[in-house]
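Taking it in order: structure first as structure tokens, then the write-up.
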Amino acid sequence: MSSEQGRIIKISGPLVIADGMRDAKMFDLVRVSKMNLIGEIIEMHGDQASIQVYEDTAGLKPGEIVKTTDEPLSVELGPGLIGGIFDGIQRPLDELVKIEGNNISRGATVQPLNRSKTWHFFPSVEVGAKVSTGDVIGFVDETEILKHKIMCPHDVSGEIINIKEGDYTVEEIVAVIKDDQGDKHELSLMQKWPVRIGRPFKEKYAPSQPLITGQRSIDTFFPVAKGGTAAVPGPFGSGKTVIQHQLAKWAAADVVVYIGCGERGNEMTDVLNEFPELEDPNSGLPLMQRTILIANTSDMPVAAREASIYTGITIAEYFRDMGYSVSIMADSTSRWAEALREMSGRLEEMPGEEGYPAYLGSRLAQFYERAGTVKCLGSDDSDDRTGVLTAIGAVSPPGGDLSDPVAQSTLRIVQVFWSLDSALAYQRHFPAINWLSSYSLYEEKIDEWMNENVSENWSQLRKDAMILLQEEAELQEIVRLVGHDSLSFSDRLKLEMARSIREDYLHQNSFDEIDTYSSLEKQFYMLDCLMNFYYEVQTALDKNADYQKLISLPIRDDLARMKYIEEENIKETYDKYKKRISQEIADIIPREA
């Protein structure tokens, strides 16, 4: 229950300072003025509270009242999240539009989860069962794709004394638990969790399996592990948002949480229009049946950007605790950091590099460290739930300058770095991931997995291809100085094959129906054909075969078009091309007299 506590004494943009707030606590949610603007206490000095207001503060006056709710900023977790479109503080935008129209008035409040909709609850435990925090007591079929598991809330354990199947709203009681002290706890389908506190788990594991994305440059050369962290920095127009969209569509995850944090309104509109029409590749049903969107565009109040990241990761952790694999896309953390900088400046804190607060690095770490592969809470060891949360953040450094404090702080934390290059983007090479400056620290672990599950030659092929791309960069320097003709045939072949890897393998058309996604098998078959051609041509050159004839063989055109071959035909095509490579090269090798 909120109570009148203080009055406004200063207003500075989204920052409001109120006195008479001695009974309030840090990070309490407050209501500001008669308009009921939502805010959060971010600093306390005696009885003065500094409040970041998540809505426009125009028209506020000193002397207006501030009420505290005595609760931290929390999210509602329960059936109805999937397919939802929320703002940074979990207000459902589609519901707000129905009530308010296109211009949402300040102070507008709608419950995040629909209170009138009923869900059919199926218990998975019986009366008399002993349960503790994290145990699954039942489930709801939230969508055709996703089973929403109802878990025992935090700090509740004991014996089930009442539970039954039926149709319930999110607030109605579905079960009653009696703890060891004899106290009764009523459980509904919904629970709340403060966004700034990570949800607990039993144990965190080191990531060892790849998050398969279907994007060749990522899966082959710079893989991200399930439960890992990755950053996508790049300048304007280099394709950050398209990569995020591709990962949201194709990454092997049960649930996707997409946060549009401070992005341009038209980009977020594209996402909101496109996602409901997309088809989930695994089930053939709409992708929104496993997606949650958090929209916080650049024209929305700046303080709400700061909250949107925490709102998104808390929702993602909730589904992770059910034992699902969850991917969270934050686009972009630079806009989130700008909100931190603005609030820090208004609080008159000592600025760090480029005006960002000194705690920028630790706040970024708090976000990324909530990713991971964990053993979920629960008393029953036979229900060995493992949850996965993979965090991928886009970074938008000004002018693509990677010395930007946000980019540098992010690189110190994440394990995968996909460096987008404006020069590649201008050449229409997409995804514009620069193979010389990107890296993945999961490479070794994932190579082991690929060698076991895809092909024992995977790691060797990948290394040889990467060496070719690196040698190409060195040879290009020589070509610029003394010309192409000064190179040996062996070096010319390296240049030619590196170009093939770039154009025929790394280049991938996100908007082509077939090329938009490549399975690991297809990736292996494509790379193996290209590298097999390279190995065999090298051997043929040693036997004095004509270089010009070798690189003009008809098979090369077919290898270039291999990316457009459908998945079901790729194995047959691979076997055929391997034979053709050997045959066509053998025909050119001169016969010994």
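Just remember, in the structure tokens the first chain shown is A, the second B, etc., residues are 1-based per chain, and ligands are 1-based in the order shown.
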Considering only strand (DSSP E) as DSSP defines it on the backbone, what residues of range 16-184 of chain A qualify? List them as a VMD selection string.
chain A and resid 16 to 19 28 to 32 37 to 45 48 to 53 65 to 72 74 to 77 85 to 86 119 to 123 130 to 131 136 to 141 147 to 151 158 to 163 166 to 168 173 to 178 184
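In this comparison, which uses only C-alpha atoms, the residue of A:Glu306, A:Glu186, A:Glu165, A:Glu172 approaching Glu126 in chain A most closely is A:Glu165.
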Polymer residues at most 12 Å from Leu113 in chain A, only C-alpha atoms, same-chain spacing of 3 or more positions, as a PyMOL selection string:
chain A and resi 75-86+90-95+109-110+116-118+169-171+189-192
Could you write out the selected residues, including N, CA, C and O atoms, as a compact mmCIF listing (two decimals), in the first residue's frame?
```
# COMPACT_ATOMS: atom_id res chain seq x y z
N VAL A 75 9.00 -7.37 -11.95
CA VAL A 75 8.23 -7.83 -13.12
C VAL A 75 7.29 -8.93 -12.68
O VAL A 75 7.58 -9.69 -11.75
N GLU A 76 6.16 -9.02 -13.35
CA GLU A 76 5.21 -10.11 -13.13
C GLU A 76 5.59 -11.26 -14.05
O GLU A 76 5.78 -11.07 -15.25
N LEU A 77 5.71 -12.44 -13.48
CA LEU A 77 6.14 -13.62 -14.21
C LEU A 77 5.05 -14.68 -14.14
O LEU A 77 4.67 -15.11 -13.06
N GLY A 78 4.52 -15.05 -15.31
CA GLY A 78 3.46 -16.04 -15.35
C GLY A 78 2.94 -16.21 -16.76
O GLY A 78 3.44 -15.59 -17.70
N PRO A 79 1.91 -17.03 -16.97
CA PRO A 79 1.34 -17.21 -18.31
C PRO A 79 0.86 -15.89 -18.88
O PRO A 79 0.27 -15.07 -18.17
N GLY A 80 1.12 -15.67 -20.17
CA GLY A 80 0.73 -14.43 -20.82
C GLY A 80 1.92 -13.60 -21.25
O GLY A 80 1.77 -12.61 -21.97
N LEU A 81 3.12 -14.01 -20.83
CA LEU A 81 4.32 -13.27 -21.25
C LEU A 81 4.66 -13.54 -22.71
O LEU A 81 5.01 -12.63 -23.45
N ILE A 82 4.57 -14.82 -23.12
CA ILE A 82 4.97 -15.20 -24.48
C ILE A 82 4.07 -14.50 -25.50
O ILE A 82 2.84 -14.48 -25.37
N GLY A 83 4.72 -13.94 -26.51
CA GLY A 83 3.97 -13.21 -27.55
C GLY A 83 3.66 -11.79 -27.16
O GLY A 83 3.09 -11.03 -27.95
N GLY A 84 4.05 -11.39 -25.93
CA GLY A 84 3.74 -10.03 -25.46
C GLY A 84 4.72 -8.99 -26.00
O GLY A 84 5.87 -9.29 -26.32
N ILE A 85 4.22 -7.76 -26.12
CA ILE A 85 5.05 -6.62 -26.50
C ILE A 85 4.96 -5.62 -25.35
O ILE A 85 3.89 -5.04 -25.11
N PHE A 86 6.07 -5.42 -24.63
CA PHE A 86 6.08 -4.59 -23.43
C PHE A 86 7.01 -3.40 -23.62
O PHE A 86 7.89 -3.41 -24.48
N GLN A 90 7.65 -3.00 -18.34
CA GLN A 90 6.72 -4.13 -18.48
C GLN A 90 5.26 -3.70 -18.55
O GLN A 90 4.38 -4.43 -18.11
N ARG A 91 4.99 -2.55 -19.17
CA ARG A 91 3.59 -2.23 -19.47
C ARG A 91 3.27 -2.81 -20.85
O ARG A 91 4.03 -2.56 -21.80
N PRO A 92 2.18 -3.57 -20.99
CA PRO A 92 1.87 -4.17 -22.29
C PRO A 92 1.42 -3.10 -23.29
O PRO A 92 0.36 -2.49 -23.10
N LEU A 93 2.20 -2.88 -24.32
CA LEU A 93 1.93 -1.78 -25.25
C LEU A 93 0.65 -2.01 -26.05
O LEU A 93 -0.09 -1.08 -26.32
N ASP A 94 0.37 -3.25 -26.43
CA ASP A 94 -0.85 -3.49 -27.21
C ASP A 94 -2.10 -3.20 -26.37
O ASP A 94 -3.09 -2.67 -26.89
N GLU A 95 -2.05 -3.50 -25.05
CA GLU A 95 -3.19 -3.19 -24.19
C GLU A 95 -3.31 -1.67 -23.96
O GLU A 95 -4.41 -1.12 -23.93
N THR A 109 -1.51 3.17 -16.51
CA THR A 109 -1.10 1.92 -15.88
C THR A 109 -2.00 0.79 -16.35
O THR A 109 -3.23 0.91 -16.33
N VAL A 110 -1.35 -0.28 -16.81
CA VAL A 110 -2.07 -1.51 -17.16
C VAL A 110 -1.29 -2.65 -16.54
O VAL A 110 -0.06 -2.65 -16.55
N SER A 116 -8.02 -11.15 -16.59
CA SER A 116 -9.32 -11.79 -16.85
C SER A 116 -9.19 -13.10 -17.63
O SER A 116 -10.07 -13.95 -17.60
N LYS A 117 -8.07 -13.27 -18.35
CA LYS A 117 -7.91 -14.47 -19.17
C LYS A 117 -7.69 -15.69 -18.28
O LYS A 117 -6.96 -15.64 -17.29
N THR A 118 -8.33 -16.81 -18.62
CA THR A 118 -8.15 -18.04 -17.85
C THR A 118 -7.20 -18.99 -18.58
O THR A 118 -7.15 -19.02 -19.81
N THR A 169 -7.44 -17.79 -13.51
CA THR A 169 -6.75 -16.56 -13.92
C THR A 169 -5.40 -16.56 -13.20
O THR A 169 -5.17 -17.39 -12.31
N VAL A 170 -4.53 -15.61 -13.58
CA VAL A 170 -3.18 -15.62 -13.00
C VAL A 170 -3.19 -15.29 -11.50
O VAL A 170 -2.23 -15.58 -10.79
N GLU A 171 -4.28 -14.70 -10.98
CA GLU A 171 -4.34 -14.33 -9.56
C GLU A 171 -5.02 -15.38 -8.69
O GLU A 171 -4.88 -15.35 -7.47
N LEU A 189 -0.78 -18.71 -10.36
CA LEU A 189 0.01 -18.98 -11.56
C LEU A 189 1.12 -17.94 -11.75
O LEU A 189 2.02 -18.13 -12.57
N MET A 190 1.04 -16.84 -10.99
CA MET A 190 1.94 -15.70 -11.21
C MET A 190 2.85 -15.50 -10.00
O MET A 190 2.47 -15.78 -8.87
N GLN A 191 4.06 -15.04 -10.26
CA GLN A 191 4.94 -14.59 -9.17
C GLN A 191 5.63 -13.30 -9.59
O GLN A 191 5.65 -12.96 -10.77
N LYS A 192 6.18 -12.57 -8.63
CA LYS A 192 6.89 -11.31 -8.92
C LYS A 192 8.36 -11.48 -8.58
O LYS A 192 8.71 -12.26 -7.70
```
Between CA of Pro153 in chain A and CA of Ile177 in chain A, distance in Å (one decimal):
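Pair CA of Pro153 in chain A / CA of Ile177 in chain A returns 10.9 Å.
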Range 382-395 of chain A: which residues within 6 Å, counting only C-alpha atoms, same-chain residues fewer than 6 positions away excluded, as a list in words?
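The residues satisfying every condition are Lys226, Gly227, Gly228, Thr229, Ala230, Ala231, Val232, Pro233, Arg320, Asp321, Gly323, Tyr324, Ser325, Val326, Ser327, Ile328, Met329, Ala330, Asp331, Ser332, Thr333, Ser334, Ala371, Gly372, Thr373, Val374, Lys375 and Cys376 of chain A.
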Between A:Leu364, A:Ile433, A:Ala303, A:Val257, which one has atoms that come closest to Ile89 in chain A, using only C-alpha atoms?
A:Ala303
If we count only C-alpha atoms, what is near range 138-149 of chain A at a cut-off of 7 Å, once residues fewer than 5 positions away on the same chain are taken out, given as a compact mmCIF listing (two decimals) with all heavy atoms, in the first residue's frame?
```
# COMPACT_ATOMS: atom_id res chain seq x y z
N PRO A 79 1.91 -17.03 -16.97
CA PRO A 79 1.34 -17.21 -18.31
C PRO A 79 0.86 -15.89 -18.88
O PRO A 79 0.27 -15.07 -18.17
CB PRO A 79 0.17 -18.17 -18.06
CG PRO A 79 0.49 -18.85 -16.78
CD PRO A 79 1.25 -17.87 -15.96
N TRP A 119 -6.46 -19.76 -17.77
CA TRP A 119 -5.51 -20.74 -18.29
C TRP A 119 -5.84 -22.09 -17.67
O TRP A 119 -6.17 -22.16 -16.48
CB TRP A 119 -4.08 -20.35 -17.91
CG TRP A 119 -3.67 -18.99 -18.38
CD1 TRP A 119 -3.80 -17.81 -17.71
CD2 TRP A 119 -3.08 -18.67 -19.64
NE1 TRP A 119 -3.33 -16.77 -18.47
CE2 TRP A 119 -2.87 -17.27 -19.67
CE3 TRP A 119 -2.69 -19.42 -20.76
CZ2 TRP A 119 -2.30 -16.61 -20.74
CZ3 TRP A 119 -2.11 -18.76 -21.84
CH2 TRP A 119 -1.93 -17.39 -21.83
N HIS A 120 -5.74 -23.15 -18.44
CA HIS A 120 -6.03 -24.48 -17.90
C HIS A 120 -4.76 -25.02 -17.25
O HIS A 120 -3.74 -25.22 -17.90
CB HIS A 120 -6.50 -25.44 -18.99
CG HIS A 120 -7.10 -26.69 -18.42
ND1 HIS A 120 -8.38 -26.74 -17.91
CD2 HIS A 120 -6.56 -27.92 -18.21
CE1 HIS A 120 -8.62 -27.96 -17.44
NE2 HIS A 120 -7.53 -28.69 -17.62
N PHE A 121 -4.84 -25.24 -15.94
CA PHE A 121 -3.70 -25.67 -15.14
C PHE A 121 -3.72 -27.19 -14.97
O PHE A 121 -4.73 -27.76 -14.56
CB PHE A 121 -3.75 -24.97 -13.77
CG PHE A 121 -2.74 -25.48 -12.79
CD1 PHE A 121 -1.38 -25.24 -12.96
CD2 PHE A 121 -3.15 -26.20 -11.66
CE1 PHE A 121 -0.45 -25.71 -12.04
CE2 PHE A 121 -2.22 -26.67 -10.73
CZ PHE A 121 -0.87 -26.42 -10.93
N PHE A 122 -2.59 -27.84 -15.28
CA PHE A 122 -2.44 -29.29 -15.10
C PHE A 122 -1.43 -29.52 -13.96
O PHE A 122 -0.25 -29.20 -14.12
CB PHE A 122 -1.90 -29.95 -16.37
CG PHE A 122 -2.78 -29.81 -17.56
CD1 PHE A 122 -2.63 -28.74 -18.45
CD2 PHE A 122 -3.77 -30.75 -17.83
CE1 PHE A 122 -3.43 -28.61 -19.56
CE2 PHE A 122 -4.59 -30.63 -18.95
CZ PHE A 122 -4.43 -29.56 -19.81
N PRO A 123 -1.87 -30.04 -12.82
CA PRO A 123 -0.91 -30.29 -11.72
C PRO A 123 0.06 -31.41 -12.11
O PRO A 123 -0.31 -32.34 -12.82
CB PRO A 123 -1.80 -30.72 -10.55
CG PRO A 123 -3.20 -30.44 -10.96
CD PRO A 123 -3.24 -30.44 -12.45
N SER A 124 1.30 -31.30 -11.61
CA SER A 124 2.25 -32.39 -11.84
C SER A 124 2.68 -33.01 -10.51
O SER A 124 3.52 -33.90 -10.47
CB SER A 124 3.48 -31.89 -12.60
OG SER A 124 4.07 -30.79 -11.94
N VAL A 125 2.11 -32.52 -9.39
CA VAL A 125 2.34 -33.13 -8.07
C VAL A 125 0.98 -33.37 -7.41
O VAL A 125 -0.02 -32.78 -7.82
CB VAL A 125 3.22 -32.23 -7.16
CG1 VAL A 125 4.63 -32.12 -7.69
CG2 VAL A 125 2.60 -30.86 -6.98
N GLN A 289 5.10 -17.25 -30.96
CA GLN A 289 4.67 -18.22 -29.94
C GLN A 289 5.82 -18.67 -29.04
O GLN A 289 5.64 -19.48 -28.13
CB GLN A 289 4.01 -19.43 -30.60
CG GLN A 289 2.69 -19.09 -31.26
CD GLN A 289 1.79 -20.30 -31.42
OE1 GLN A 289 2.01 -21.36 -30.84
NE2 GLN A 289 0.75 -20.15 -32.22
N ARG A 290 7.02 -18.14 -29.30
CA ARG A 290 8.13 -18.37 -28.36
C ARG A 290 8.99 -17.11 -28.18
O ARG A 290 10.15 -17.18 -27.81
CB ARG A 290 9.01 -19.55 -28.82
CG ARG A 290 9.68 -19.37 -30.16
CD ARG A 290 10.53 -20.60 -30.49
NE ARG A 290 11.21 -20.50 -31.78
CZ ARG A 290 12.43 -20.02 -31.93
NH1 ARG A 290 13.11 -19.58 -30.91
NH2 ARG A 290 12.99 -19.97 -33.13
N MET A 322 12.81 -22.71 -15.82
CA MET A 322 11.93 -23.82 -16.19
C MET A 322 12.71 -24.95 -16.88
O MET A 322 12.16 -26.02 -17.15
CB MET A 322 10.84 -23.34 -17.15
CG MET A 322 9.87 -22.35 -16.55
SD MET A 322 8.62 -21.90 -17.78
CE MET A 322 7.98 -20.39 -17.05
```
Shell around range 275-278 of chain A at 7 Å using only C-alpha atoms, local window under 5 positions removed, as a VMD selection string:
chain A and resid 286 to 288
Provide the CA of Lys240 in chain A to CA of Asn434 in chain A distance in Å, to one decimal place.
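CA of Asn434 in chain A lies at a distance of 12.8 Å from CA of Lys240 in chain A.
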Residues of range 269-356 of chain A that have any atom at most 10 Å from an atom of range 400-421 of chain A: could you tabulate them with the shortest-distance atom pair and the distance in Å to one decimal, using only C-alpha atoms, ordered by chain and increasing number, as a tab-separated table?
```
residue	atom	partner	partner_atom	distance
A:Thr333	CA	A:Val406	CA	7.9
A:Ser334	CA	A:Val406	CA	6.3
A:Arg335	CA	A:Val406	CA	9.8
A:Trp336	CA	A:Val406	CA	9.8
A:Ala337	CA	A:Val406	CA	7.1
A:Glu338	CA	A:Val406	CA	9.3
A:Gly352	CA	A:Pro405	CA	9.3
A:Glu353	CA	A:Pro405	CA	6.7
A:Glu354	CA	A:Pro405	CA	7.4
A:Gly355	CA	A:Pro405	CA	9.6
A:Tyr356	CA	A:Pro405	CA	7.8
```
Keeping only N, CA, C and O atoms, write the selected residues as a PDB file, in the first residue's frame.
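Once everything was written out, this is selection.pdb:
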```
ATOM      1  N   THR A 333      23.199  -1.895 -26.359  1.00  0.00           N
ATOM      2  CA  THR A 333      23.664  -1.532 -25.024  1.00  0.00           C
ATOM      3  C   THR A 333      24.295  -0.139 -25.004  1.00  0.00           C
ATOM      4  O   THR A 333      24.424   0.462 -23.941  1.00  0.00           O
ATOM      5  N   SER A 334      24.680   0.385 -26.163  1.00  0.00           N
ATOM      6  CA  SER A 334      25.228   1.756 -26.212  1.00  0.00           C
ATOM      7  C   SER A 334      24.159   2.779 -25.830  1.00  0.00           C
ATOM      8  O   SER A 334      24.434   3.741 -25.115  1.00  0.00           O
ATOM      9  N   ARG A 335      22.929   2.557 -26.311  1.00  0.00           N
ATOM     10  CA  ARG A 335      21.835   3.486 -25.978  1.00  0.00           C
ATOM     11  C   ARG A 335      21.494   3.368 -24.480  1.00  0.00           C
ATOM     12  O   ARG A 335      21.156   4.349 -23.835  1.00  0.00           O
ATOM     13  N   TRP A 336      21.626   2.162 -23.946  1.00  0.00           N
ATOM     14  CA  TRP A 336      21.404   1.950 -22.517  1.00  0.00           C
ATOM     15  C   TRP A 336      22.472   2.706 -21.710  1.00  0.00           C
ATOM     16  O   TRP A 336      22.167   3.363 -20.716  1.00  0.00           O
ATOM     17  N   ALA A 337      23.725   2.621 -22.184  1.00  0.00           N
ATOM     18  CA  ALA A 337      24.819   3.318 -21.497  1.00  0.00           C
ATOM     19  C   ALA A 337      24.635   4.838 -21.579  1.00  0.00           C
ATOM     20  O   ALA A 337      25.002   5.560 -20.652  1.00  0.00           O
ATOM     21  N   GLU A 338      24.043   5.321 -22.683  1.00  0.00           N
ATOM     22  CA  GLU A 338      23.775   6.764 -22.801  1.00  0.00           C
ATOM     23  C   GLU A 338      22.768   7.208 -21.739  1.00  0.00           C
ATOM     24  O   GLU A 338      22.871   8.314 -21.196  1.00  0.00           O
ATOM     25  N   GLY A 352      33.460   9.569 -15.658  1.00  0.00           N
ATOM     26  CA  GLY A 352      34.604   8.774 -16.089  1.00  0.00           C
ATOM     27  C   GLY A 352      34.939   9.129 -17.528  1.00  0.00           C
ATOM     28  O   GLY A 352      34.705  10.260 -17.984  1.00  0.00           O
ATOM     29  N   GLU A 353      35.437   8.155 -18.266  1.00  0.00           N
ATOM     30  CA  GLU A 353      35.859   8.390 -19.648  1.00  0.00           C
ATOM     31  C   GLU A 353      34.664   8.797 -20.521  1.00  0.00           C
ATOM     32  O   GLU A 353      33.611   8.169 -20.482  1.00  0.00           O
ATOM     33  N   GLU A 354      34.847   9.868 -21.289  1.00  0.00           N
ATOM     34  CA  GLU A 354      33.825  10.411 -22.208  1.00  0.00           C
ATOM     35  C   GLU A 354      32.495  10.696 -21.512  1.00  0.00           C
ATOM     36  O   GLU A 354      31.429  10.595 -22.125  1.00  0.00           O
ATOM     37  N   GLY A 355      32.558  11.005 -20.229  1.00  0.00           N
ATOM     38  CA  GLY A 355      31.348  11.392 -19.503  1.00  0.00           C
ATOM     39  C   GLY A 355      30.532  10.242 -18.961  1.00  0.00           C
ATOM     40  O   GLY A 355      29.566  10.460 -18.228  1.00  0.00           O
ATOM     41  N   TYR A 356      30.900   8.999 -19.328  1.00  0.00           N
ATOM     42  CA  TYR A 356      30.171   7.843 -18.794  1.00  0.00           C
ATOM     43  C   TYR A 356      30.498   7.701 -17.307  1.00  0.00           C
ATOM     44  O   TYR A 356      31.588   8.071 -16.861  1.00  0.00           O
TER      45      TYR A 356
END
```
Find the spatial neighbours of range 154-160 of chain A, counting only C-alpha atoms, within a cut-off of 10 Å - ignore same-chain residues fewer than 4 positions away - and output them as number ranges by chain.
A: 125-135, 137, 175-187, 191-193, 199-200, 377, 379
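We find CA of Ala24 in chain A and CA of Arg346 in chain A to be spaced 20.9 Å apart.
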Could you give me, as CSV, every range 284-396 of chain A residue with an atom at most 10 Å from range 61-73 of chain A, plus its closest atom pair and distance in Å to one decimal, counting only C-alpha atoms, rows ordered by chain then number?
```
residue,atom,partner,partner_atom,distance
A:Ala307,CA,A:Leu73,CA,8.7
A:Tyr310,CA,A:Leu73,CA,9.8
A:Thr311,CA,A:Leu73,CA,9.0
```
Selection from above, C-alpha atoms, as a PDB file, in the first residue's frame, can you write it?
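As written to disk, part-v8.pdb reads:
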```
ATOM      1  CA  ALA A 307      15.183  -0.426 -16.787  1.00  0.00           C
ATOM      2  CA  TYR A 310      16.921  -5.544 -16.450  1.00  0.00           C
ATOM      3  CA  THR A 311      13.266  -6.225 -17.258  1.00  0.00           C
TER       4      THR A 311
END
```
In terms of the shortest atom-to-atom distance over only C-alpha atoms, which of A:Gly198, A:Gly262, A:Gly59, A:Gly237 is closest to Tyr368 in chain A?
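Looking at the shortest contact to Tyr368 in chain A, the residue is A:Gly198.
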Just checking: using only C-alpha atoms, which residue out of A:Met21, A:Leu541, A:Ala423, A:Leu340 ends up closest to Gly361 in chain A?
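Of A:Met21, A:Leu541, A:Ala423, A:Leu340, the one nearest Gly361 in chain A, counting only C-alpha atoms, is A:Leu340.
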Residue nearest Lys522 in chain A - candidates A:Ile565, A:Val30, A:Ile218, A:Leu493, atoms counted: only C-alpha atoms
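Closest to Lys522 in chain A, using only C-alpha atoms: A:Ile565.
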